[in-house]
Amino acid sequence: MRLLFISTLFLISCNTNKIVPENSLQKPKNIILLIGDGMGLAQITAGLYSNNNFLNIERFQIIGLHKNYSFDNLVTDSAAGATAFSCGVKTYNGAIGVDSDTISLKTILEEASEQGLKTGLVASSSITHATPASFAAHNKSRSNYEEISIDMVDSGTDIMIGGGKNYFNKRTIDNRDLYAELKSSGYTISDYSIQDFQNVDFNNIGDKFVYLTADGEPTSFDKGRKYLVPASERAIEFLNTKSKGKGFFMMIEGSQIDWAGHDNDFEFMISEMKEFDQVVKVALDYAEKDGNTLVIMTADHETGGLSINTGSELDSLVAKFTTTSHTAVMIPVFAYGPGAESFSGIYENTAIYSKMRKALRLDIEKN
């Protein structure tokens, strides 16, 4: 019996070694965190079945689950959810980079920058929206977009791409021209079309770049927004070029999966899922080629209470929403690359911060 037990352990160990990625026990130089806002397991399933039964998400080798409740509510919002990822604390719904007492916390993006890594934020929302803001700003309320934009300027984030231009240059709380301030602090400011942006030679510009894609919130993908995939690809290229081998941290958000859930608009949601999956492809293709990049994909919460019901077929889903708000279901976490194995299991959403911090060896003291 004892011999059988030992043999079983040996077989399990051998099998485990076979499924763990070859370089997973190493430490990454780079982290790409992909957040599909509002993207629960039902959204992933619907996207997969609506895309010829395949998403690039299937290329991930490690899967876990996170418990996403906030400090003050079993159902989190994007601000508290993203702050858990960026700062490693449970805070109240609506909080941006602050704890439950509204005390500012250093984010993983700020810690990475202090350690000499390059940093980036890309979103299909305004760059001041809850998720990107939680990585580079500190405010008691996610609604204070003009205050948040000041923090975004001061954060020193090396590349920022998203909407919200009016919060920088058509301000109501003061007369500051944050566009001019960005330029004076060394940022290259782009008002290019996405086609022109794709042709920018990063070797011939400075080390900081901002591309504000819309005056307010960008439109949806099915109504003409086309920048998220090429911008994600180019942002990775920018950080790779400017980091000179020292490494980078970046967060890319598929923001409008959430908005489709709030609208209970299934076709809107599917189009956003398909676009976001192309971002996943860009990140995984880079990580496979690079060998030193950890890619993590998750969501802050699920939106809409989506279910896929009896009568569904692969090419014809019978889908129902149960709410126009968020739900409290646990959220899947996918990981690929060196350090990916630490993201298996079930854990608090705050653990994603600590796992990323450990992977990048960010040993500076927290506030």
# chains A, B, ... in the order shown; residues from 1 in each chain; ligands from 1
>>> select_by_dssp(residues="region 54-169 of chain A", states="strand (DSSP E or B)", output="list in words")
Ile62, Ile63, Gly64, Leu65, His66, Lys67, Ile96, Val98, Ser104, Lys118, Thr119, Gly120, Leu121, Val122, Ala123, Ser124, Ser125, Ser126, Asn139, Ile159, Met160, Ile161, Gly162 and Gly163 of chain A
>>> residues_around(residues="Val98 (chain A)", least_positions_apart="5", cutoff="10 Å", atoms="only C-alpha atoms", output="PyMOL selection string")
chain A and resi 79-80+83-84+87+89-92+103-107+134+137-141
>>> residues_around(residues="Glu341 (chain A)", least_positions_apart="2", cutoff="7 Å", atoms="only C-alpha atoms", output="PyMOL selection string")
chain A and resi 24+62+339+343-344
>>> closest_residue(among="A:Gly38, A:Asp215, A:Gly206, A:Lys223", to="Thr324 (chain A)", atoms="only C-alpha atoms")
A:Gly38
>>> closest_residue(among="A:Lys320, A:Lys226, A:Lys170, A:His129", to="Glu253 (chain A)", atoms="only C-alpha atoms")
A:His129
>>> closest_atom_pairs(of="region 20-91 of chain A", to="region 257-280 of chain A", cutoff="8 Å", atoms="only C-alpha atoms", output="Markdown table")
| residue | atom | partner | partner_atom | distance |
| --- | --- | --- | --- | --- |
| A:Leu34 | CA | A:Val280 | CA | 7.5 |
| A:Gly36 | CA | A:Ile257 | CA | 6.6 |
| A:Asp37 | CA | A:Asp258 | CA | 5.1 |
| A:Gly38 | CA | A:Asp258 | CA | 4.1 |
| A:Met39 | CA | A:Ile257 | CA | 6.4 |
| A:Gln43 | CA | A:Met273 | CA | 7.5 |
| A:Ile44 | CA | A:Met273 | CA | 7.4 |
| A:Ala46 | CA | A:Ile270 | CA | 7.1 |
| A:Gly47 | CA | A:Ile270 | CA | 5.5 |
| A:Ser50 | CA | A:Ile270 | CA | 7.3 |
| A:Asn51 | CA | A:Lys274 | CA | 7.3 |
| A:Leu55 | CA | A:Asp277 | CA | 6.4 |
| A:Asn56 | CA | A:Asp277 | CA | 6.0 |
| A:Ile57 | CA | A:Val280 | CA | 6.8 |
>>> write_last_selection(atoms="N, CA and C atoms", output="mmCIF file, in the first residue's frame")
data_model
loop_
_atom_site.group_PDB
_atom_site.id
_atom_site.type_symbol
_atom_site.label_atom_id
_atom_site.label_comp_id
_atom_site.auth_asym_id
_atom_site.auth_seq_id
_atom_site.Cartn_x
_atom_site.Cartn_y
_atom_site.Cartn_z
ATOM 1 N N LEU A 34 -4.097 41.741 -18.809
ATOM 2 C CA LEU A 34 -5.248 41.973 -19.673
ATOM 3 C C LEU A 34 -6.516 41.888 -18.833
ATOM 4 N N GLY A 36 -10.598 42.138 -19.092
ATOM 5 C CA GLY A 36 -11.842 42.256 -19.826
ATOM 6 C C GLY A 36 -12.918 42.702 -18.850
ATOM 7 N N ASP A 37 -13.181 43.984 -18.809
ATOM 8 C CA ASP A 37 -14.109 44.515 -17.808
ATOM 9 C C ASP A 37 -15.483 43.870 -17.968
ATOM 10 N N GLY A 38 -16.022 43.325 -16.873
ATOM 11 C CA GLY A 38 -17.340 42.701 -16.908
ATOM 12 C C GLY A 38 -17.370 41.321 -17.520
ATOM 13 N N MET A 39 -16.220 40.731 -17.779
ATOM 14 C CA MET A 39 -16.104 39.476 -18.521
ATOM 15 C C MET A 39 -16.054 38.271 -17.584
ATOM 16 N N GLN A 43 -19.526 35.156 -20.496
ATOM 17 C CA GLN A 43 -19.108 36.004 -21.609
ATOM 18 C C GLN A 43 -18.021 35.310 -22.435
ATOM 19 N N ILE A 44 -17.082 34.664 -21.742
ATOM 20 C CA ILE A 44 -16.029 33.933 -22.447
ATOM 21 C C ILE A 44 -16.629 32.793 -23.260
ATOM 22 N N ALA A 46 -19.724 32.486 -24.402
ATOM 23 C CA ALA A 46 -20.501 33.018 -25.524
ATOM 24 C C ALA A 46 -19.587 33.505 -26.634
ATOM 25 N N GLY A 47 -18.494 34.176 -26.271
ATOM 26 C CA GLY A 47 -17.549 34.631 -27.271
ATOM 27 C C GLY A 47 -16.917 33.481 -28.026
ATOM 28 N N SER A 50 -19.451 31.783 -30.350
ATOM 29 C CA SER A 50 -19.823 32.691 -31.438
ATOM 30 C C SER A 50 -18.656 32.985 -32.368
ATOM 31 N N ASN A 51 -17.524 32.365 -32.108
ATOM 32 C CA ASN A 51 -16.323 32.596 -32.906
ATOM 33 C C ASN A 51 -15.781 31.269 -33.435
ATOM 34 N N LEU A 55 -11.339 30.658 -29.117
ATOM 35 C CA LEU A 55 -10.771 31.942 -28.744
ATOM 36 C C LEU A 55 -9.302 31.738 -28.415
ATOM 37 N N ASN A 56 -8.488 32.763 -28.596
ATOM 38 C CA ASN A 56 -7.073 32.676 -28.231
ATOM 39 C C ASN A 56 -6.878 32.449 -26.733
ATOM 40 N N ILE A 57 -7.917 32.731 -25.961
ATOM 41 C CA ILE A 57 -7.887 32.447 -24.523
ATOM 42 C C ILE A 57 -7.505 30.992 -24.261
#
>>> atom_distance(atom1="CA of Val122 (chain A)", atom2="CA of Phe209 (chain A)")
11.6 Å
>>> select_by_dssp(residues="region 174-311 of chain A", states="helix (DSSP H, G or I)", output="PyMOL selection string")
chain A and resi 178-184+194-197+202-204+221-223+228-243+256-263+266-290
>>> residues_around(residues="Thr131 (chain A)", least_positions_apart="5", cutoff="10 Å", atoms="only C-alpha atoms", output="list in words")
Ile35, Asp37, Asp77, Ser78, Ala79, Ala80, Gly81, Ala82, Thr83, Phe85, Ser86, Ile96, Gly97, Leu121, Ala123, Ser125, Ser126, Ala136, Arg142, Met251, Ile252, Glu253, Gly254, Ser255 and Asp300 of chain A
>>> write_last_selection(atoms="C-alpha atoms", output="PDB file, in the first residue's frame")
ATOM      1  CA  ILE A  35      -8.568  42.965 -18.086  1.00  0.00           C
ATOM      2  CA  ASP A  37     -14.109  44.515 -17.808  1.00  0.00           C
ATOM      3  CA  ASP A  77     -17.430  47.758  -9.052  1.00  0.00           C
ATOM      4  CA  SER A  78     -14.595  48.370 -11.498  1.00  0.00           C
ATOM      5  CA  ALA A  79     -12.838  50.929  -9.303  1.00  0.00           C
ATOM      6  CA  ALA A  80     -12.603  48.708  -6.229  1.00  0.00           C
ATOM      7  CA  GLY A  81     -11.882  45.677  -8.409  1.00  0.00           C
ATOM      8  CA  ALA A  82      -9.018  47.367 -10.257  1.00  0.00           C
ATOM      9  CA  THR A  83      -7.623  48.850  -7.032  1.00  0.00           C
ATOM     10  CA  PHE A  85      -5.305  44.360  -8.629  1.00  0.00           C
ATOM     11  CA  SER A  86      -3.175  47.515  -8.559  1.00  0.00           C
ATOM     12  CA  ILE A  96      -9.412  54.858  -7.154  1.00  0.00           C
ATOM     13  CA  GLY A  97      -6.028  53.796  -5.769  1.00  0.00           C
ATOM     14  CA  LEU A 121      -1.926  51.719 -19.961  1.00  0.00           C
ATOM     15  CA  ALA A 123      -8.062  51.019 -22.729  1.00  0.00           C
ATOM     16  CA  SER A 125     -12.623  53.595 -22.506  1.00  0.00           C
ATOM     17  CA  SER A 126     -11.339  57.013 -21.522  1.00  0.00           C
ATOM     18  CA  ALA A 136      -1.997  55.530 -11.989  1.00  0.00           C
ATOM     19  CA  ARG A 142     -14.077  57.351  -9.773  1.00  0.00           C
ATOM     20  CA  MET A 251      -2.324  46.917 -18.367  1.00  0.00           C
ATOM     21  CA  ILE A 252      -4.680  46.632 -21.337  1.00  0.00           C
ATOM     22  CA  GLU A 253      -8.430  46.824 -20.772  1.00  0.00           C
ATOM     23  CA  GLY A 254     -11.275  45.698 -22.984  1.00  0.00           C
ATOM     24  CA  SER A 255     -13.538  48.213 -21.284  1.00  0.00           C
ATOM     25  CA  ASP A 300     -12.754  42.753 -12.330  1.00  0.00           C
TER      26      ASP A 300
END
>>> atom_distance(atom1="CA of Lys67 (chain A)", atom2="CA of Lys355 (chain A)")
14.8 Å
>>> decode(residues="region 249-291 of chain A", atoms="N, CA and C atoms", output="PDB file, in the first residue's frame")
ATOM      1  N   PHE A 249       5.878  46.860 -17.316  1.00  0.00           N
ATOM      2  CA  PHE A 249       4.554  46.440 -16.827  1.00  0.00           C
ATOM      3  C   PHE A 249       3.508  47.221 -17.596  1.00  0.00           C
ATOM      4  N   MET A 250       2.508  46.522 -18.120  1.00  0.00           N
ATOM      5  CA  MET A 250       1.434  47.232 -18.788  1.00  0.00           C
ATOM      6  C   MET A 250       0.097  46.564 -18.514  1.00  0.00           C
ATOM      7  N   MET A 251      -0.956  47.393 -18.515  1.00  0.00           N
ATOM      8  CA  MET A 251      -2.324  46.917 -18.367  1.00  0.00           C
ATOM      9  C   MET A 251      -3.107  47.335 -19.604  1.00  0.00           C
ATOM     10  N   ILE A 252      -3.822  46.369 -20.194  1.00  0.00           N
ATOM     11  CA  ILE A 252      -4.680  46.632 -21.337  1.00  0.00           C
ATOM     12  C   ILE A 252      -6.093  46.213 -20.956  1.00  0.00           C
ATOM     13  N   GLU A 253      -7.050  47.130 -21.139  1.00  0.00           N
ATOM     14  CA  GLU A 253      -8.430  46.824 -20.772  1.00  0.00           C
ATOM     15  C   GLU A 253      -9.359  46.811 -21.974  1.00  0.00           C
ATOM     16  N   GLY A 254     -10.123  45.734 -22.097  1.00  0.00           N
ATOM     17  CA  GLY A 254     -11.275  45.698 -22.984  1.00  0.00           C
ATOM     18  C   GLY A 254     -12.468  46.230 -22.202  1.00  0.00           C
ATOM     19  N   SER A 255     -12.635  47.536 -22.208  1.00  0.00           N
ATOM     20  CA  SER A 255     -13.538  48.213 -21.284  1.00  0.00           C
ATOM     21  C   SER A 255     -15.011  47.960 -21.578  1.00  0.00           C
ATOM     22  N   GLN A 256     -15.353  47.831 -22.844  1.00  0.00           N
ATOM     23  CA  GLN A 256     -16.756  47.909 -23.209  1.00  0.00           C
ATOM     24  C   GLN A 256     -17.496  46.573 -23.205  1.00  0.00           C
ATOM     25  N   ILE A 257     -16.821  45.495 -22.876  1.00  0.00           N
ATOM     26  CA  ILE A 257     -17.535  44.250 -22.573  1.00  0.00           C
ATOM     27  C   ILE A 257     -18.514  44.519 -21.428  1.00  0.00           C
ATOM     28  N   ASP A 258     -18.048  45.287 -20.480  1.00  0.00           N
ATOM     29  CA  ASP A 258     -18.865  45.697 -19.335  1.00  0.00           C
ATOM     30  C   ASP A 258     -20.059  46.540 -19.775  1.00  0.00           C
ATOM     31  N   TRP A 259     -19.826  47.478 -20.665  1.00  0.00           N
ATOM     32  CA  TRP A 259     -20.901  48.373 -21.085  1.00  0.00           C
ATOM     33  C   TRP A 259     -22.005  47.594 -21.805  1.00  0.00           C
ATOM     34  N   ALA A 260     -21.597  46.593 -22.586  1.00  0.00           N
ATOM     35  CA  ALA A 260     -22.583  45.748 -23.266  1.00  0.00           C
ATOM     36  C   ALA A 260     -23.423  44.977 -22.258  1.00  0.00           C
ATOM     37  N   GLY A 261     -22.773  44.519 -21.174  1.00  0.00           N
ATOM     38  CA  GLY A 261     -23.516  43.830 -20.127  1.00  0.00           C
ATOM     39  C   GLY A 261     -24.525  44.727 -19.445  1.00  0.00           C
ATOM     40  N   HIS A 262     -24.121  45.960 -19.156  1.00  0.00           N
ATOM     41  CA  HIS A 262     -25.053  46.922 -18.564  1.00  0.00           C
ATOM     42  C   HIS A 262     -26.246  47.184 -19.486  1.00  0.00           C
ATOM     43  N   ASP A 263     -25.982  47.193 -20.794  1.00  0.00           N
ATOM     44  CA  ASP A 263     -27.048  47.431 -21.771  1.00  0.00           C
ATOM     45  C   ASP A 263     -27.855  46.167 -22.069  1.00  0.00           C
ATOM     46  N   ASN A 264     -27.411  45.028 -21.542  1.00  0.00           N
ATOM     47  CA  ASN A 264     -28.034  43.736 -21.890  1.00  0.00           C
ATOM     48  C   ASN A 264     -28.081  43.542 -23.407  1.00  0.00           C
ATOM     49  N   ASP A 265     -27.014  43.954 -24.067  1.00  0.00           N
ATOM     50  CA  ASP A 265     -26.932  43.885 -25.522  1.00  0.00           C
ATOM     51  C   ASP A 265     -25.964  42.766 -25.907  1.00  0.00           C
ATOM     52  N   PHE A 266     -26.522  41.621 -26.279  1.00  0.00           N
ATOM     53  CA  PHE A 266     -25.716  40.433 -26.518  1.00  0.00           C
ATOM     54  C   PHE A 266     -24.783  40.608 -27.716  1.00  0.00           C
ATOM     55  N   GLU A 267     -25.270  41.161 -28.818  1.00  0.00           N
ATOM     56  CA  GLU A 267     -24.434  41.319 -30.005  1.00  0.00           C
ATOM     57  C   GLU A 267     -23.302  42.311 -29.756  1.00  0.00           C
ATOM     58  N   PHE A 268     -23.591  43.375 -29.037  1.00  0.00           N
ATOM     59  CA  PHE A 268     -22.567  44.333 -28.617  1.00  0.00           C
ATOM     60  C   PHE A 268     -21.489  43.611 -27.809  1.00  0.00           C
ATOM     61  N   MET A 269     -21.927  42.785 -26.874  1.00  0.00           N
ATOM     62  CA  MET A 269     -20.987  42.057 -26.027  1.00  0.00           C
ATOM     63  C   MET A 269     -20.121  41.098 -26.849  1.00  0.00           C
ATOM     64  N   ILE A 270     -20.712  40.389 -27.789  1.00  0.00           N
ATOM     65  CA  ILE A 270     -19.956  39.440 -28.612  1.00  0.00           C
ATOM     66  C   ILE A 270     -18.904  40.171 -29.443  1.00  0.00           C
ATOM     67  N   SER A 271     -19.253  41.308 -30.020  1.00  0.00           N
ATOM     68  CA  SER A 271     -18.277  42.044 -30.830  1.00  0.00           C
ATOM     69  C   SER A 271     -17.113  42.536 -29.983  1.00  0.00           C
ATOM     70  N   GLU A 272     -17.393  42.968 -28.752  1.00  0.00           N
ATOM     71  CA  GLU A 272     -16.326  43.417 -27.856  1.00  0.00           C
ATOM     72  C   GLU A 272     -15.455  42.239 -27.411  1.00  0.00           C
ATOM     73  N   MET A 273     -16.072  41.088 -27.184  1.00  0.00           N
ATOM     74  CA  MET A 273     -15.314  39.886 -26.800  1.00  0.00           C
ATOM     75  C   MET A 273     -14.371  39.462 -27.920  1.00  0.00           C
ATOM     76  N   LYS A 274     -14.870  39.477 -29.143  1.00  0.00           N
ATOM     77  CA  LYS A 274     -14.036  39.066 -30.273  1.00  0.00           C
ATOM     78  C   LYS A 274     -12.859  40.013 -30.451  1.00  0.00           C
ATOM     79  N   GLU A 275     -13.112  41.310 -30.309  1.00  0.00           N
ATOM     80  CA  GLU A 275     -12.014  42.267 -30.416  1.00  0.00           C
ATOM     81  C   GLU A 275     -10.996  42.047 -29.307  1.00  0.00           C
ATOM     82  N   PHE A 276     -11.478  41.886 -28.072  1.00  0.00           N
ATOM     83  CA  PHE A 276     -10.562  41.686 -26.949  1.00  0.00           C
ATOM     84  C   PHE A 276      -9.738  40.424 -27.134  1.00  0.00           C
ATOM     85  N   ASP A 277     -10.322  39.400 -27.727  1.00  0.00           N
ATOM     86  CA  ASP A 277      -9.569  38.168 -27.952  1.00  0.00           C
ATOM     87  C   ASP A 277      -8.427  38.387 -28.934  1.00  0.00           C
ATOM     88  N   GLN A 278      -8.564  39.334 -29.843  1.00  0.00           N
ATOM     89  CA  GLN A 278      -7.444  39.667 -30.718  1.00  0.00           C
ATOM     90  C   GLN A 278      -6.334  40.374 -29.952  1.00  0.00           C
ATOM     91  N   VAL A 279      -6.698  41.122 -28.911  1.00  0.00           N
ATOM     92  CA  VAL A 279      -5.689  41.687 -28.012  1.00  0.00           C
ATOM     93  C   VAL A 279      -4.957  40.561 -27.284  1.00  0.00           C
ATOM     94  N   VAL A 280      -5.716  39.562 -26.838  1.00  0.00           N
ATOM     95  CA  VAL A 280      -5.111  38.386 -26.207  1.00  0.00           C
ATOM     96  C   VAL A 280      -4.107  37.743 -27.153  1.00  0.00           C
ATOM     97  N   LYS A 281      -4.482  37.611 -28.418  1.00  0.00           N
ATOM     98  CA  LYS A 281      -3.575  37.026 -29.412  1.00  0.00           C
ATOM     99  C   LYS A 281      -2.287  37.835 -29.524  1.00  0.00           C
ATOM    100  N   VAL A 282      -2.421  39.155 -29.593  1.00  0.00           N
ATOM    101  CA  VAL A 282      -1.237  40.022 -29.685  1.00  0.00           C
ATOM    102  C   VAL A 282      -0.312  39.784 -28.499  1.00  0.00           C
ATOM    103  N   ALA A 283      -0.879  39.753 -27.289  1.00  0.00           N
ATOM    104  CA  ALA A 283      -0.065  39.588 -26.079  1.00  0.00           C
ATOM    105  C   ALA A 283       0.596  38.213 -26.037  1.00  0.00           C
ATOM    106  N   LEU A 284      -0.160  37.168 -26.357  1.00  0.00           N
ATOM    107  CA  LEU A 284       0.398  35.815 -26.305  1.00  0.00           C
ATOM    108  C   LEU A 284       1.431  35.593 -27.404  1.00  0.00           C
ATOM    109  N   ASP A 285       1.190  36.136 -28.581  1.00  0.00           N
ATOM    110  CA  ASP A 285       2.186  36.011 -29.653  1.00  0.00           C
ATOM    111  C   ASP A 285       3.503  36.648 -29.228  1.00  0.00           C
ATOM    112  N   TYR A 286       3.418  37.838 -28.603  1.00  0.00           N
ATOM    113  CA  TYR A 286       4.634  38.493 -28.136  1.00  0.00           C
ATOM    114  C   TYR A 286       5.312  37.666 -27.048  1.00  0.00           C
ATOM    115  N   ALA A 287       4.523  37.162 -26.108  1.00  0.00           N
ATOM    116  CA  ALA A 287       5.096  36.403 -24.994  1.00  0.00           C
ATOM    117  C   ALA A 287       5.759  35.119 -25.482  1.00  0.00           C
ATOM    118  N   GLU A 288       5.147  34.449 -26.443  1.00  0.00           N
ATOM    119  CA  GLU A 288       5.736  33.218 -26.982  1.00  0.00           C
ATOM    120  C   GLU A 288       7.078  33.500 -27.644  1.00  0.00           C
ATOM    121  N   LYS A 289       7.142  34.596 -28.378  1.00  0.00           N
ATOM    122  CA  LYS A 289       8.383  34.945 -29.065  1.00  0.00           C
ATOM    123  C   LYS A 289       9.443  35.445 -28.092  1.00  0.00           C
ATOM    124  N   ASP A 290       9.017  36.224 -27.107  1.00  0.00           N
ATOM    125  CA  ASP A 290       9.956  36.866 -26.182  1.00  0.00           C
ATOM    126  C   ASP A 290      10.528  35.891 -25.157  1.00  0.00           C
ATOM    127  N   GLY A 291       9.673  35.066 -24.560  1.00  0.00           N
ATOM    128  CA  GLY A 291      10.132  34.090 -23.580  1.00  0.00           C
ATOM    129  C   GLY A 291      10.333  34.621 -22.176  1.00  0.00           C
TER     130      GLY A 291
END
